[in-house]
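Below: model39.csv (CSV, C-alpha atoms)
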chain,number,residue,atom,x,y,z
R,1,MET,CA,27.4,21.1,-27.7
R,2,ASP,CA,24.5,23.3,-26.6
R,3,SER,CA,21.3,23.2,-28.7
R,4,HIS,CA,21.4,26.8,-29.8
R,5,LYS,CA,24.9,26.5,-31.2
R,6,LEU,CA,24.0,23.3,-32.8
R,7,MET,CA,20.9,24.9,-34.4
R,8,LEU,CA,23.1,27.6,-35.9
R,9,ILE,CA,25.5,25.0,-37.3
R,10,VAL,CA,22.6,23.0,-38.8
R,11,GLU,CA,21.3,26.2,-40.4
R,12,LYS,CA,24.7,26.8,-41.9
R,13,CYS,CA,24.7,23.2,-43.2
R,14,ILE,CA,21.3,23.8,-44.8
R,15,ASN,CA,22.9,26.8,-46.6
R,16,GLY,CA,25.6,24.4,-47.9
R,17,ASP,CA,28.4,25.3,-45.5
R,18,LYS,CA,30.7,22.2,-45.5
R,19,ASP,CA,32.9,23.6,-42.7
R,20,ALA,CA,29.9,23.8,-40.4
R,21,PHE,CA,29.2,20.1,-41.3
R,22,ARG,CA,32.8,19.3,-40.4
R,23,THR,CA,32.0,20.4,-36.8
R,24,ILE,CA,29.0,18.0,-36.7
R,25,VAL,CA,31.1,15.1,-38.0
R,26,GLY,CA,33.9,15.8,-35.5
R,27,GLU,CA,31.4,15.9,-32.7
R,28,TYR,CA,29.4,12.7,-33.4
R,29,SER,CA,31.6,10.5,-35.6
R,30,ASP,CA,33.2,8.6,-32.7
R,31,TYR,CA,29.9,7.7,-31.2
R,32,VAL,CA,28.4,6.6,-34.5
R,33,TYR,CA,31.5,4.6,-35.2
R,34,ALA,CA,31.4,2.8,-31.8
R,35,ILE,CA,27.7,1.8,-32.4
R,36,ALA,CA,28.4,0.6,-35.9
R,37,PHE,CA,31.5,-1.4,-34.9
R,38,ARG,CA,29.7,-3.1,-32.0
R,39,VAL,CA,26.7,-3.9,-34.2
R,40,LEU,CA,28.6,-4.9,-37.4
R,41,GLY,CA,31.6,-6.4,-35.7
R,42,SER,CA,34.0,-5.0,-38.3
R,43,SER,CA,36.1,-1.9,-38.2
R,44,GLU,CA,36.1,-1.6,-42.0
R,45,ASP,CA,32.3,-1.9,-42.2
R,46,ALA,CA,31.9,0.5,-39.3
R,47,ARG,CA,34.0,3.1,-41.1
R,48,ASP,CA,32.0,2.7,-44.3
R,49,MET,CA,28.8,3.0,-42.2
R,50,VAL,CA,29.9,6.2,-40.5
R,51,GLN,CA,30.7,7.7,-44.0
R,52,GLU,CA,27.3,6.6,-45.3
R,53,THR,CA,25.5,7.9,-42.3
R,54,PHE,CA,27.0,11.4,-42.5
R,55,ILE,CA,26.4,11.6,-46.3
R,56,LYS,CA,22.8,10.8,-45.6
R,57,VAL,CA,22.6,13.4,-42.8
R,58,TRP,CA,24.1,16.0,-45.2
R,59,ARG,CA,21.6,15.2,-47.9
R,60,ASN,CA,18.6,15.3,-45.5
R,61,ILE,CA,19.6,17.9,-43.0
R,62,GLU,CA,16.7,20.2,-43.9
R,63,LYS,CA,14.4,17.5,-42.7
R,64,TYR,CA,15.8,17.7,-39.2
R,65,LYS,CA,13.2,19.0,-36.7
R,66,PRO,CA,14.7,20.7,-33.6
R,67,ALA,CA,11.9,19.3,-31.5
R,68,VAL,CA,13.9,16.0,-31.6
R,69,LYS,CA,17.4,15.8,-30.2
R,70,PHE,CA,19.9,16.0,-33.0
R,71,SER,CA,21.8,13.0,-31.7
R,72,THR,CA,18.6,10.9,-31.6
R,73,TRP,CA,17.9,11.9,-35.2
R,74,LEU,CA,21.5,11.1,-36.2
R,75,TYR,CA,21.5,7.7,-34.4
R,76,THR,CA,18.2,6.8,-36.0
R,77,ILE,CA,19.8,7.2,-39.4
R,78,ALA,CA,22.9,5.3,-38.3
R,79,THR,CA,21.0,2.4,-36.8
R,80,ASN,CA,18.7,2.0,-39.8
R,81,LEU,CA,21.7,1.8,-42.1
R,82,CYS,CA,23.4,-0.7,-39.8
R,83,ILE,CA,20.2,-2.9,-39.7
R,84,ASP,CA,20.0,-2.7,-43.5
R,85,LYS,CA,23.6,-3.7,-43.7
R,86,LEU,CA,23.1,-6.6,-41.3
R,87,ARG,CA,20.2,-7.9,-43.3
R,88,GLU,CA,22.2,-7.8,-46.5
R,89,GLN,CA,25.2,-9.6,-44.9
R,90,LYS,CA,25.2,-13.3,-45.1
R,91,ARG,CA,25.8,-14.6,-41.6
R,92,ALA,CA,29.3,-15.9,-41.2
R,93,PRO,CA,29.3,-19.4,-39.7
R,94,LEU,CA,30.6,-19.3,-36.1
R,95,ASP,CA,33.1,-22.1,-36.9
R,96,SER,CA,35.0,-19.7,-39.2
R,97,TYR,CA,36.3,-17.9,-36.1
R,98,PRO,CA,39.3,-19.8,-34.6
R,99,GLU,CA,38.9,-20.7,-30.9
R,100,SER,CA,42.4,-19.4,-30.3
R,101,GLY,CA,41.4,-16.0,-31.6
R,102,ILE,CA,39.8,-15.2,-28.2
R,103,PRO,CA,42.2,-15.0,-25.4
R,104,ASN,CA,41.0,-16.4,-22.0
R,105,ASN,CA,41.6,-13.1,-20.2
R,106,LEU,CA,39.0,-11.3,-22.4
R,107,MET,CA,36.3,-12.3,-19.9
R,108,GLU,CA,37.8,-10.3,-17.0
R,109,PRO,CA,35.5,-7.4,-16.3
R,110,GLU,CA,38.2,-5.1,-15.1
R,111,ILE,CA,40.1,-5.3,-18.3
R,112,GLY,CA,41.9,-2.1,-19.4
R,113,THR,CA,40.8,0.1,-22.3
R,114,ASN,CA,43.6,-0.7,-24.6
R,115,SER,CA,44.1,-4.3,-23.7
R,116,ILE,CA,42.3,-5.8,-26.7
R,117,ASP,CA,43.1,-5.0,-30.3
R,118,TYR,CA,40.4,-4.5,-32.9
R,119,LYS,CA,40.9,-8.0,-34.4
R,120,GLN,CA,40.3,-9.7,-31.1
R,121,LEU,CA,37.3,-7.4,-30.4
R,122,GLU,CA,35.8,-8.3,-33.9
R,123,VAL,CA,36.2,-12.0,-33.2
R,124,LEU,CA,34.6,-11.6,-29.7
R,125,ILE,CA,31.6,-9.7,-31.1
R,126,ALA,CA,31.2,-12.2,-34.0
R,127,LYS,CA,31.4,-15.2,-31.6
R,128,MET,CA,28.9,-13.9,-29.1
R,129,THR,CA,26.4,-11.9,-31.2
R,130,GLY,CA,27.0,-13.3,-34.7
R,131,ASN,CA,23.8,-15.4,-34.5
R,132,LEU,CA,21.5,-12.7,-33.3
R,133,PRO,CA,18.9,-11.2,-35.6
R,134,PRO,CA,19.6,-7.5,-36.5
R,135,MET,CA,17.0,-5.9,-34.2
R,136,GLN,CA,18.1,-8.0,-31.2
R,137,LYS,CA,21.7,-7.1,-31.8
R,138,MET,CA,20.9,-3.4,-32.1
R,139,VAL,CA,18.8,-3.4,-28.9
R,140,PHE,CA,21.6,-5.2,-27.0
R,141,VAL,CA,24.2,-2.7,-28.2
R,142,LEU,CA,22.1,0.4,-27.5
R,143,LYS,CA,20.8,-0.8,-24.1
R,144,ASP,CA,23.5,-2.9,-22.5
R,145,ILE,CA,26.6,-1.5,-24.1
R,146,GLU,CA,25.8,2.2,-24.9
R,147,GLY,CA,23.5,2.5,-21.9
R,148,LEU,CA,20.7,4.3,-23.6
R,149,SER,CA,17.3,4.5,-21.9
R,150,SER,CA,14.3,2.6,-23.2
R,151,ASP,CA,12.7,5.9,-24.3
R,152,GLU,CA,15.7,6.8,-26.4
R,153,ILE,CA,15.8,3.4,-28.0
R,154,GLU,CA,12.1,3.7,-28.7
R,155,GLN,CA,12.7,6.9,-30.5
R,156,ILE,CA,15.7,5.7,-32.4
R,157,THR,CA,14.4,2.3,-33.5
R,158,GLY,CA,10.7,3.0,-33.6
R,159,MET,CA,10.0,-0.1,-31.5
R,160,THR,CA,7.6,-0.3,-28.7
R,161,LYS,CA,8.8,-0.8,-25.1
R,162,GLU,CA,7.5,-4.3,-25.1
R,163,GLN,CA,9.4,-5.1,-28.3
R,164,ILE,CA,12.5,-3.6,-26.9
R,165,LYS,CA,12.2,-5.7,-23.7
R,166,SER,CA,11.5,-8.9,-25.7
R,167,ASN,CA,14.4,-8.4,-28.1
R,168,LEU,CA,16.7,-7.6,-25.2
R,169,HIS,CA,15.6,-10.8,-23.4
R,170,TYR,CA,16.3,-13.0,-26.4
R,171,ALA,CA,19.6,-11.3,-27.1
R,172,ARG,CA,20.8,-11.8,-23.5
R,173,LYS,CA,19.6,-15.4,-23.5
R,174,GLU,CA,21.5,-16.2,-26.8
R,175,ILE,CA,24.7,-14.4,-25.7
R,176,LYS,CA,24.6,-16.3,-22.4
R,177,SER,CA,24.2,-19.6,-24.1
R,178,GLN,CA,27.1,-18.7,-26.4
R,179,LEU,CA,29.3,-17.8,-23.4
R,180,ILE,CA,28.5,-21.1,-21.8
R,181,LYS,CA,29.2,-22.9,-25.1
R,182,VAL,CA,32.6,-21.2,-25.4
R,183,GLY,CA,33.2,-22.0,-21.8
R,184,TYR,CA,35.4,-19.2,-20.5
R,185,GLU,CA,36.2,-19.3,-16.8
R,186,MET,CA,35.7,-16.3,-14.6
R,187,HIS,CA,38.9,-15.0,-13.1
L,1,MET,CA,16.5,-18.5,-0.1
L,2,LYS,CA,14.4,-20.7,-2.3
L,3,CYS,CA,14.7,-21.3,-6.0
L,4,THR,CA,11.4,-19.4,-6.7
L,5,LYS,CA,12.7,-16.3,-4.9
L,6,TYR,CA,16.1,-16.7,-6.7
L,7,ASN,CA,14.3,-16.7,-10.1
L,8,GLU,CA,12.4,-13.6,-9.2
L,9,LEU,CA,15.7,-11.8,-8.5
L,10,LEU,CA,17.4,-13.0,-11.7
L,11,SER,CA,16.1,-10.1,-13.9
L,12,LYS,CA,17.1,-7.6,-11.2
L,13,LEU,CA,20.6,-9.2,-11.3
L,14,GLU,CA,20.7,-8.7,-15.1
L,15,GLU,CA,19.7,-5.1,-14.7
L,16,ALA,CA,22.2,-4.6,-11.9
L,17,THR,CA,19.5,-3.2,-9.6
L,18,LEU,CA,20.1,-5.7,-6.8
L,19,THR,CA,21.2,-4.6,-3.3
L,20,THR,CA,24.5,-5.9,-2.0
L,21,GLY,CA,22.5,-8.0,0.5
L,22,GLU,CA,20.3,-9.6,-2.2
L,23,THR,CA,23.4,-10.3,-4.4
L,24,LYS,CA,25.1,-12.0,-1.5
L,25,GLU,CA,21.9,-14.0,-0.8
L,26,MET,CA,21.7,-15.1,-4.4
L,27,GLN,CA,25.4,-16.1,-4.4
L,28,ILE,CA,24.9,-18.2,-1.3
L,29,HIS,CA,21.9,-19.9,-2.8
L,30,ALA,CA,23.7,-20.5,-6.1
L,31,GLN,CA,26.5,-22.3,-4.2
L,32,SER,CA,24.1,-24.8,-2.8
L,33,CYS,CA,21.9,-25.4,-5.9
L,34,SER,CA,23.4,-26.7,-9.1
L,35,VAL,CA,20.6,-25.4,-11.4
L,36,CYS,CA,20.6,-21.9,-10.0
L,37,ASN,CA,24.4,-21.9,-10.0
L,38,GLU,CA,24.4,-22.4,-13.7
L,39,SER,CA,22.2,-19.4,-14.3
L,40,PHE,CA,24.1,-17.3,-11.8
L,41,SER,CA,27.4,-18.1,-13.5
L,42,ALA,CA,25.9,-17.3,-16.9
L,43,ILE,CA,24.8,-13.9,-15.8
L,44,GLN,CA,28.2,-13.2,-14.3
L,45,LYS,CA,29.8,-14.2,-17.6
L,46,TYR,CA,27.4,-12.0,-19.5
L,47,LYS,CA,28.2,-9.0,-17.3
L,48,ALA,CA,31.9,-9.7,-17.8
L,49,TYR,CA,31.4,-9.8,-21.5
L,50,VAL,CA,29.4,-6.5,-21.5
L,51,ALA,CA,32.1,-5.0,-19.3
L,52,VAL,CA,34.8,-6.0,-21.9
L,53,LEU,CA,32.8,-4.4,-24.7
L,54,LYS,CA,32.2,-1.2,-22.7
L,55,ASN,CA,35.8,-0.9,-21.6
L,56,ASN,CA,37.1,-1.4,-25.1
L,57,LYS,CA,35.3,1.4,-26.9
L,58,PRO,CA,36.3,1.4,-30.6
L,59,VAL,CA,37.8,4.6,-31.8
L,60,LEU,CA,37.8,6.0,-35.3
L,61,GLU,CA,41.4,5.8,-36.5
L,62,ASN,CA,42.9,8.8,-38.3
L,63,LYS,CA,39.8,10.8,-37.6
L,64,HIS,CA,41.1,14.0,-39.2
L,65,GLY,CA,41.9,12.2,-42.5
L,66,PHE,CA,38.6,10.4,-42.4
L,67,ILE,CA,36.7,13.7,-42.0
L,68,ASN,CA,38.6,15.4,-44.8
L,69,GLU,CA,37.8,12.4,-47.1
L,70,LEU,CA,34.1,12.6,-46.1
L,71,ILE,CA,33.8,16.3,-46.7
L,72,ASP,CA,35.2,15.9,-50.2
L,73,LEU,CA,32.6,13.3,-50.9
L,74,LEU,CA,29.7,15.5,-49.9
L,75,PRO,CA,27.6,16.7,-52.9
L,76,GLU,CA,27.0,20.5,-53.3
L,77,ARG,CA,23.8,21.7,-51.7
L,78,GLU,CA,21.3,23.9,-53.5
L,79,GLN,CA,20.8,27.0,-51.4
L,80,GLY,CA,17.0,27.2,-51.7
L,81,GLN,CA,15.1,29.9,-49.8
L,82,LYS,CA,12.2,27.6,-49.2
L,83,THR,CA,14.3,25.2,-47.1
L,84,ILE,CA,15.5,28.1,-44.9
L,85,GLU,CA,12.0,29.5,-44.4
L,86,LYS,CA,10.8,26.0,-43.4
L,87,PHE,CA,13.6,25.6,-40.9
L,88,ALA,CA,13.0,29.2,-39.5
L,89,PHE,CA,9.4,28.3,-38.9
L,90,VAL,CA,10.3,25.1,-37.1
L,91,LYS,CA,12.9,27.1,-35.1
L,92,THR,CA,10.3,29.7,-34.1
L,93,ILE,CA,8.0,26.9,-32.9
L,94,TYR,CA,10.8,25.4,-31.0
L,95,PHE,CA,11.8,28.8,-29.5
L,96,VAL,CA,8.2,29.5,-28.4
L,97,LYS,CA,7.9,26.0,-26.9
L,98,THR,CA,11.2,26.4,-25.0
L,99,SER,CA,10.2,29.9,-23.8
L,100,LEU,CA,6.8,28.7,-22.5
L,101,THR,CA,8.4,25.8,-20.8
L,102,GLY,CA,10.9,28.2,-19.1
L,103,ILE,CA,8.1,30.5,-18.0
L,104,ALA,CA,6.0,27.6,-16.6
L,105,ALA,CA,9.1,26.3,-14.7
L,106,GLY,CA,9.7,29.9,-13.3
L,107,LEU,CA,6.1,30.2,-12.1
L,108,LEU,CA,6.3,26.8,-10.5
L,109,VAL,CA,9.5,27.8,-8.6
L,110,LEU,CA,7.7,31.1,-7.5
L,111,VAL,CA,4.7,29.2,-6.2
L,112,ALA,CA,6.9,26.7,-4.4
L,113,LEU,CA,8.8,29.6,-2.8
L,114,GLN,CA,5.5,31.2,-1.7
L,115,ILE,CA,4.3,28.0,-0.2
L,116,GLY,CA,7.6,27.5,1.6
L,117,THR,CA,7.5,31.1,3.0
L,118,ASP,CA,3.8,30.6,4.0
L,119,ALA,CA,4.6,27.5,5.9
L,120,TRP,CA,7.4,29.3,7.7
L,121,ASN,CA,5.3,32.3,8.5
L,122,ILE,CA,2.5,30.1,9.9
L,123,ARG,CA,5.0,28.3,12.1
L,124,GLN,CA,6.3,31.7,13.4
L,125,LEU,CA,2.8,32.8,14.1
L,126,GLU,CA,2.1,29.6,16.0
L,127,ASN,CA,5.2,30.0,18.0
L,128,ARG,CA,4.3,33.6,18.9
L,129,MET,CA,0.9,32.5,20.0
L,130,GLN,CA,2.4,29.8,22.2
L,131,ALA,CA,4.7,32.5,23.8
L,132,MET,CA,1.7,34.8,24.4
L,133,GLN,CA,-0.2,32.0,26.0
L,134,SER,CA,2.6,31.3,28.4
L,135,GLN,CA,3.4,34.9,29.2
L,136,ILE,CA,-0.1,36.4,29.6
L,137,ARG,CA,-2.5,34.8,32.0
L,138,TYR,CA,-5.3,37.5,31.8
L,139,LYS,CA,-7.6,36.4,29.0
L,140,PRO,CA,-8.9,39.9,27.9
L,141,PHE,CA,-5.2,40.9,27.3
L,142,GLN,CA,-4.7,37.7,25.2
L,143,LYS,CA,-7.7,38.6,23.2
L,144,GLY,CA,-6.5,42.1,22.6
L,145,LEU,CA,-3.0,40.9,21.4
L,146,LEU,CA,-4.6,38.4,19.1
L,147,SER,CA,-6.7,41.1,17.5
L,148,LEU,CA,-3.6,43.2,16.9
L,149,LEU,CA,-1.9,40.1,15.4
L,150,GLU,CA,-4.9,39.6,13.2
L,151,ALA,CA,-4.8,43.2,12.1
L,152,ARG,CA,-1.2,42.8,11.0
L,153,VAL,CA,-2.1,39.7,9.0
L,154,ASN,CA,-4.8,41.7,7.3
L,155,ASP,CA,-2.3,44.5,6.5
L,156,GLN,CA,0.0,42.0,4.9
L,157,ALA,CA,-2.7,40.7,2.6
L,158,THR,CA,-2.2,42.5,-0.7
L,159,SER,CA,-2.0,40.0,-3.5
L,160,PRO,CA,-4.5,37.2,-4.1
L,161,LEU,CA,-1.9,34.7,-2.9
L,162,SER,CA,-1.2,36.8,0.2
L,163,LYS,CA,-4.9,37.1,0.9
L,164,ALA,CA,-5.2,33.3,0.7
L,165,LYS,CA,-2.3,33.0,3.1
L,166,ALA,CA,-3.9,35.6,5.4
L,167,GLY,CA,-7.1,33.4,5.3
L,168,LEU,CA,-5.0,30.5,6.4
L,169,ARG,CA,-3.5,32.5,9.2
L,170,LYS,CA,-6.9,33.7,10.3
L,171,GLN,CA,-8.0,30.1,10.6
L,172,ILE,CA,-5.1,29.4,13.0
L,173,VAL,CA,-5.9,32.5,15.1
L,174,PHE,CA,-9.6,31.4,15.1
L,175,LYS,CA,-8.7,27.9,16.2
L,176,TYR,CA,-6.4,29.3,18.9
L,177,GLN,CA,-9.2,31.5,20.2
L,178,PHE,CA,-11.7,28.7,20.2
L,179,LYS,CA,-9.3,26.3,21.9
L,180,ASN,CA,-8.5,28.8,24.7
L,181,GLN,CA,-12.2,29.8,25.0
L,182,LEU,CA,-11.5,33.4,24.1
L,183,ILE,CA,-14.7,33.5,22.1
L,184,PRO,CA,-18.2,32.2,23.0
L,185,ASN,CA,-19.1,28.7,21.7
L,186,TYR,CA,-22.0,29.8,19.6
L,187,ILE,CA,-19.7,32.1,17.5
L,188,SER,CA,-17.1,29.4,17.1
L,189,GLN,CA,-19.7,27.1,15.5
L,190,SER,CA,-19.9,29.4,12.5
L,191,PRO,CA,-16.7,31.2,11.6
L,192,ASN,CA,-18.5,33.5,9.2
L,193,ASN,CA,-20.4,35.1,12.0
L,194,PHE,CA,-17.2,36.2,13.5
L,195,GLY,CA,-16.5,38.1,10.3
L,196,MET,CA,-13.3,36.3,9.4
L,197,TYR,CA,-14.3,34.8,6.0
Have the structure of the file written as structure tokens, please.
Amino acid sequence: MDSHKLMLIVEKCINGDKDAFRTIVGEYSDYVYAIAFRVLGSSEDARDMVQETFIKVWRNIEKYKPAVKFSTWLYTIATNLCIDKLREQKRAPLDSYPESGIPNNLMEPEIGTNSIDYKQLEVLIAKMTGNLPPMQKMVFVLKDIEGLSSDEIEQITGMTKEQIKSNLHYARKEIKSQLIKVGYEMH
Amino acid sequence: MKCTKYNELLSKLEEATLTTGETKEMQIHAQSCSVCNESFSAIQKYKAYVAVLKNNKPVLENKHGFINELIDLLPEREQGQKTIEKFAFVKTIYFVKTSLTGIAAGLLVLVALQIGTDAWNIRQLENRMQAMQSQIRYKPFQKGLLSLLEARVNDQATSPLSKAKAGLRKQIVFKYQFKNQLIPNYISQSPNNFGMY
């Protein structure tokens, strides 16, 4: 969506036009959902998070400044809500996820898009990133999974480049040790 | 490859910025060193895990229903004039900023084009001088043709940028004349005496 069109839609939203807001939700909900799912590791929580994010966006849309990319502003709200949620959650012990819940073929990089169901994906995320502190988990998802640049992550999370680098380093280290612990063979 | 070199390349392997040759070298070293092999294998597993997450992008199920439900939950907004004015102000600032950036970018392109044309013209001029040098052996004739060429350069100099370009061309003409001894040495020591600058 080009910025001029988006600005007109935002202006309509400020005027209380819910149909205009529907366009924004349609455009960005998938991306927000993907981040929330990968961070929270639960489809239900992710769905709630998307709802919460867009309600917050609707309530605060007059605070949006066009100098910042709309997506960046939106993801800032979403990531902050996700981090709050993670901090609230009690960490589930890793032993609560059955070993048999992760099929061996999950570690194949060329795996197809629809080859894992959500339950398996939830277990996989929980197993590997369940122990990570919220900020490490967030940086890992934004950088390595979503492929955002350090500048974008800096804007979204408010962290410095050094903090991003350090969080990412520890996140990778922890995930690697989990992968070794689980002991999946490469195919 | 030694373990120290291998460790230096580890972060590049994680960032996927290694060349094929470097990756191959690392792989060969990892096969012969058990410690490095462990870290190499861990990174490969990590990359595989990331690939699994990337390839299995979660999709919001029943998106249409979800959006309808969400829209129903939205509170009514007050249509305050103040909010719109504030937004309009921000929008104006944004518009001005964007326009200025556009103008600056346009100017940069124009300058780049001028510089490009200038370089091309100078090259042409040099080629023409080379041709003259090879065709005309009698030095007074060469000098006469160069004067004509210089006059044409002066005629073209209309804008400040063109004048600057003409100055550059004059330098070339002057260097050419000096190189071929078409002007006395004492004049060549001081270009201003020749009335070119």
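One distance worth recording is that between atom CA of L:Phe66 and atom CA of R:Met7, which is 24.2 Å.
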Could you check the closest approach to L:Gly21 for each of L:Val111, L:Leu9, L:Cys33, L:Leu168 and tell me which residue wins, using all atoms listed in the file?
L:Leu9
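Counting only C-alpha atoms, the residue from R:Lys161, R:Ser166, R:Arg47, R:Cys82 that sits nearest to chain L is R:Arg47.
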So, with all atoms listed in the file as the atoms that count, which of R:Ile125, R:Met135, R:Leu179, R:Ile35 lies closest to R:Gly147?
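Checking each of R:Ile125, R:Met135, R:Leu179, R:Ile35 against R:Gly147, counting all atoms listed in the file, the winner is R:Ile35.
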Considering only C-alpha atoms, return as a PyMOL selection string whatever protein or nucleic-acid residues lie within 8 Å of L:Leu53, sequence-local ones (same chain, fewer than 3 positions apart) excluded.
(chain R and resi 121+145) or (chain L and resi 49-50+56-57)
Since we have the selection now, will you write its residues out, keeping C-alpha atoms, as a PDB file, in the coordinates of the input?
ATOM      1  CA  LEU R 121      37.300  -7.400 -30.400  1.00  0.00           C
ATOM      2  CA  ILE R 145      26.600  -1.500 -24.100  1.00  0.00           C
TER       3      ILE R 145
ATOM      4  CA  TYR L  49      31.400  -9.800 -21.500  1.00  0.00           C
ATOM      5  CA  VAL L  50      29.400  -6.500 -21.500  1.00  0.00           C
ATOM      6  CA  ASN L  56      37.100  -1.400 -25.100  1.00  0.00           C
ATOM      7  CA  LYS L  57      35.300   1.400 -26.900  1.00  0.00           C
TER       8      LYS L  57
END
What's the separation between atom CA of R:Thr53 and atom CA of R:Ile24, in Å to one decimal place?
12.1 Å
Can you work out which residues from chain L touch chain R at a cut-off of 6 Å (counting all atoms listed in the file) and hand them back as a list in words?
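Using all atoms listed in the file, chain L residues at most 6 Å from chain R: Ala42, Tyr46, Ala48, Tyr49, Ala51, Val52, Lys54, Asn55, Asn56, Pro58, Leu60, Arg77 and Gln79 of chain L.
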Selecting all heavy atoms, how would stretch 69-75 of chain R from this structure be written as a PDB file, in the first residue's frame?
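As a result, decode_28.pdb now contains:
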ATOM      1  N   LYS R  69       7.415   5.001   9.444  1.00  0.00           N
ATOM      2  CA  LYS R  69       6.642   4.068   8.615  1.00  0.00           C
ATOM      3  C   LYS R  69       5.489   3.505   9.445  1.00  0.00           C
ATOM      4  O   LYS R  69       5.697   3.145  10.606  1.00  0.00           O
ATOM      5  CB  LYS R  69       7.543   2.910   8.171  1.00  0.00           C
ATOM      6  CG  LYS R  69       8.081   3.076   6.758  1.00  0.00           C
ATOM      7  CD  LYS R  69       9.116   2.021   6.470  1.00  0.00           C
ATOM      8  CE  LYS R  69       8.505   0.691   6.101  1.00  0.00           C
ATOM      9  NZ  LYS R  69       9.529  -0.319   5.779  1.00  0.00           N
ATOM     10  N   PHE R  70       4.308   3.413   8.832  1.00  0.00           N
ATOM     11  CA  PHE R  70       3.145   2.933   9.581  1.00  0.00           C
ATOM     12  C   PHE R  70       3.396   1.523  10.111  1.00  0.00           C
ATOM     13  O   PHE R  70       3.058   1.211  11.260  1.00  0.00           O
ATOM     14  CB  PHE R  70       1.893   2.957   8.697  1.00  0.00           C
ATOM     15  CG  PHE R  70       0.645   2.589   9.441  1.00  0.00           C
ATOM     16  CD1 PHE R  70       0.005   3.513  10.259  1.00  0.00           C
ATOM     17  CD2 PHE R  70       0.128   1.307   9.364  1.00  0.00           C
ATOM     18  CE1 PHE R  70      -1.131   3.168  10.981  1.00  0.00           C
ATOM     19  CE2 PHE R  70      -1.009   0.949  10.084  1.00  0.00           C
ATOM     20  CZ  PHE R  70      -1.636   1.885  10.880  1.00  0.00           C
ATOM     21  N   SER R  71       4.010   0.685   9.265  1.00  0.00           N
ATOM     22  CA  SER R  71       4.255  -0.704   9.690  1.00  0.00           C
ATOM     23  C   SER R  71       5.174  -0.730  10.923  1.00  0.00           C
ATOM     24  O   SER R  71       4.941  -1.513  11.847  1.00  0.00           O
ATOM     25  CB  SER R  71       4.863  -1.508   8.549  1.00  0.00           C
ATOM     26  OG  SER R  71       6.028  -0.886   8.069  1.00  0.00           O
ATOM     27  N   THR R  72       6.177   0.153  10.939  1.00  0.00           N
ATOM     28  CA  THR R  72       7.092   0.188  12.088  1.00  0.00           C
ATOM     29  C   THR R  72       6.339   0.566  13.357  1.00  0.00           C
ATOM     30  O   THR R  72       6.530  -0.038  14.413  1.00  0.00           O
ATOM     31  CB  THR R  72       8.229   1.212  11.822  1.00  0.00           C
ATOM     32  OG1 THR R  72       8.851   0.876  10.597  1.00  0.00           O
ATOM     33  CG2 THR R  72       9.256   1.221  12.932  1.00  0.00           C
ATOM     34  N   TRP R  73       5.468   1.578  13.223  1.00  0.00           N
ATOM     35  CA  TRP R  73       4.670   2.029  14.376  1.00  0.00           C
ATOM     36  C   TRP R  73       3.769   0.903  14.873  1.00  0.00           C
ATOM     37  O   TRP R  73       3.674   0.629  16.075  1.00  0.00           O
ATOM     38  CB  TRP R  73       3.850   3.258  13.957  1.00  0.00           C
ATOM     39  CG  TRP R  73       3.021   3.841  15.056  1.00  0.00           C
ATOM     40  CD1 TRP R  73       3.455   4.490  16.170  1.00  0.00           C
ATOM     41  CD2 TRP R  73       1.589   3.820  15.148  1.00  0.00           C
ATOM     42  NE1 TRP R  73       2.390   4.886  16.940  1.00  0.00           N
ATOM     43  CE2 TRP R  73       1.231   4.494  16.339  1.00  0.00           C
ATOM     44  CE3 TRP R  73       0.577   3.301  14.333  1.00  0.00           C
ATOM     45  CZ2 TRP R  73      -0.092   4.655  16.737  1.00  0.00           C
ATOM     46  CZ3 TRP R  73      -0.745   3.475  14.730  1.00  0.00           C
ATOM     47  CH2 TRP R  73      -1.063   4.146  15.923  1.00  0.00           C
ATOM     48  N   LEU R  74       3.149   0.217  13.920  1.00  0.00           N
ATOM     49  CA  LEU R  74       2.246  -0.892  14.254  1.00  0.00           C
ATOM     50  C   LEU R  74       3.006  -2.039  14.932  1.00  0.00           C
ATOM     51  O   LEU R  74       2.558  -2.587  15.948  1.00  0.00           O
ATOM     52  CB  LEU R  74       1.579  -1.381  12.962  1.00  0.00           C
ATOM     53  CG  LEU R  74       0.662  -2.591  13.033  1.00  0.00           C
ATOM     54  CD1 LEU R  74      -0.585  -2.274  13.834  1.00  0.00           C
ATOM     55  CD2 LEU R  74       0.255  -3.024  11.639  1.00  0.00           C
ATOM     56  N   TYR R  75       4.172  -2.392  14.388  1.00  0.00           N
ATOM     57  CA  TYR R  75       4.941  -3.495  14.952  1.00  0.00           C
ATOM     58  C   TYR R  75       5.500  -3.136  16.332  1.00  0.00           C
ATOM     59  O   TYR R  75       5.701  -4.013  17.168  1.00  0.00           O
ATOM     60  CB  TYR R  75       6.085  -3.911  14.021  1.00  0.00           C
ATOM     61  CG  TYR R  75       5.615  -4.329  12.651  1.00  0.00           C
ATOM     62  CD1 TYR R  75       6.406  -4.183  11.521  1.00  0.00           C
ATOM     63  CD2 TYR R  75       4.341  -4.866  12.477  1.00  0.00           C
ATOM     64  CE1 TYR R  75       5.953  -4.551  10.267  1.00  0.00           C
ATOM     65  CE2 TYR R  75       3.877  -5.221  11.231  1.00  0.00           C
ATOM     66  CZ  TYR R  75       4.690  -5.063  10.121  1.00  0.00           C
ATOM     67  OH  TYR R  75       4.233  -5.416   8.881  1.00  0.00           O
TER      68      TYR R  75
END
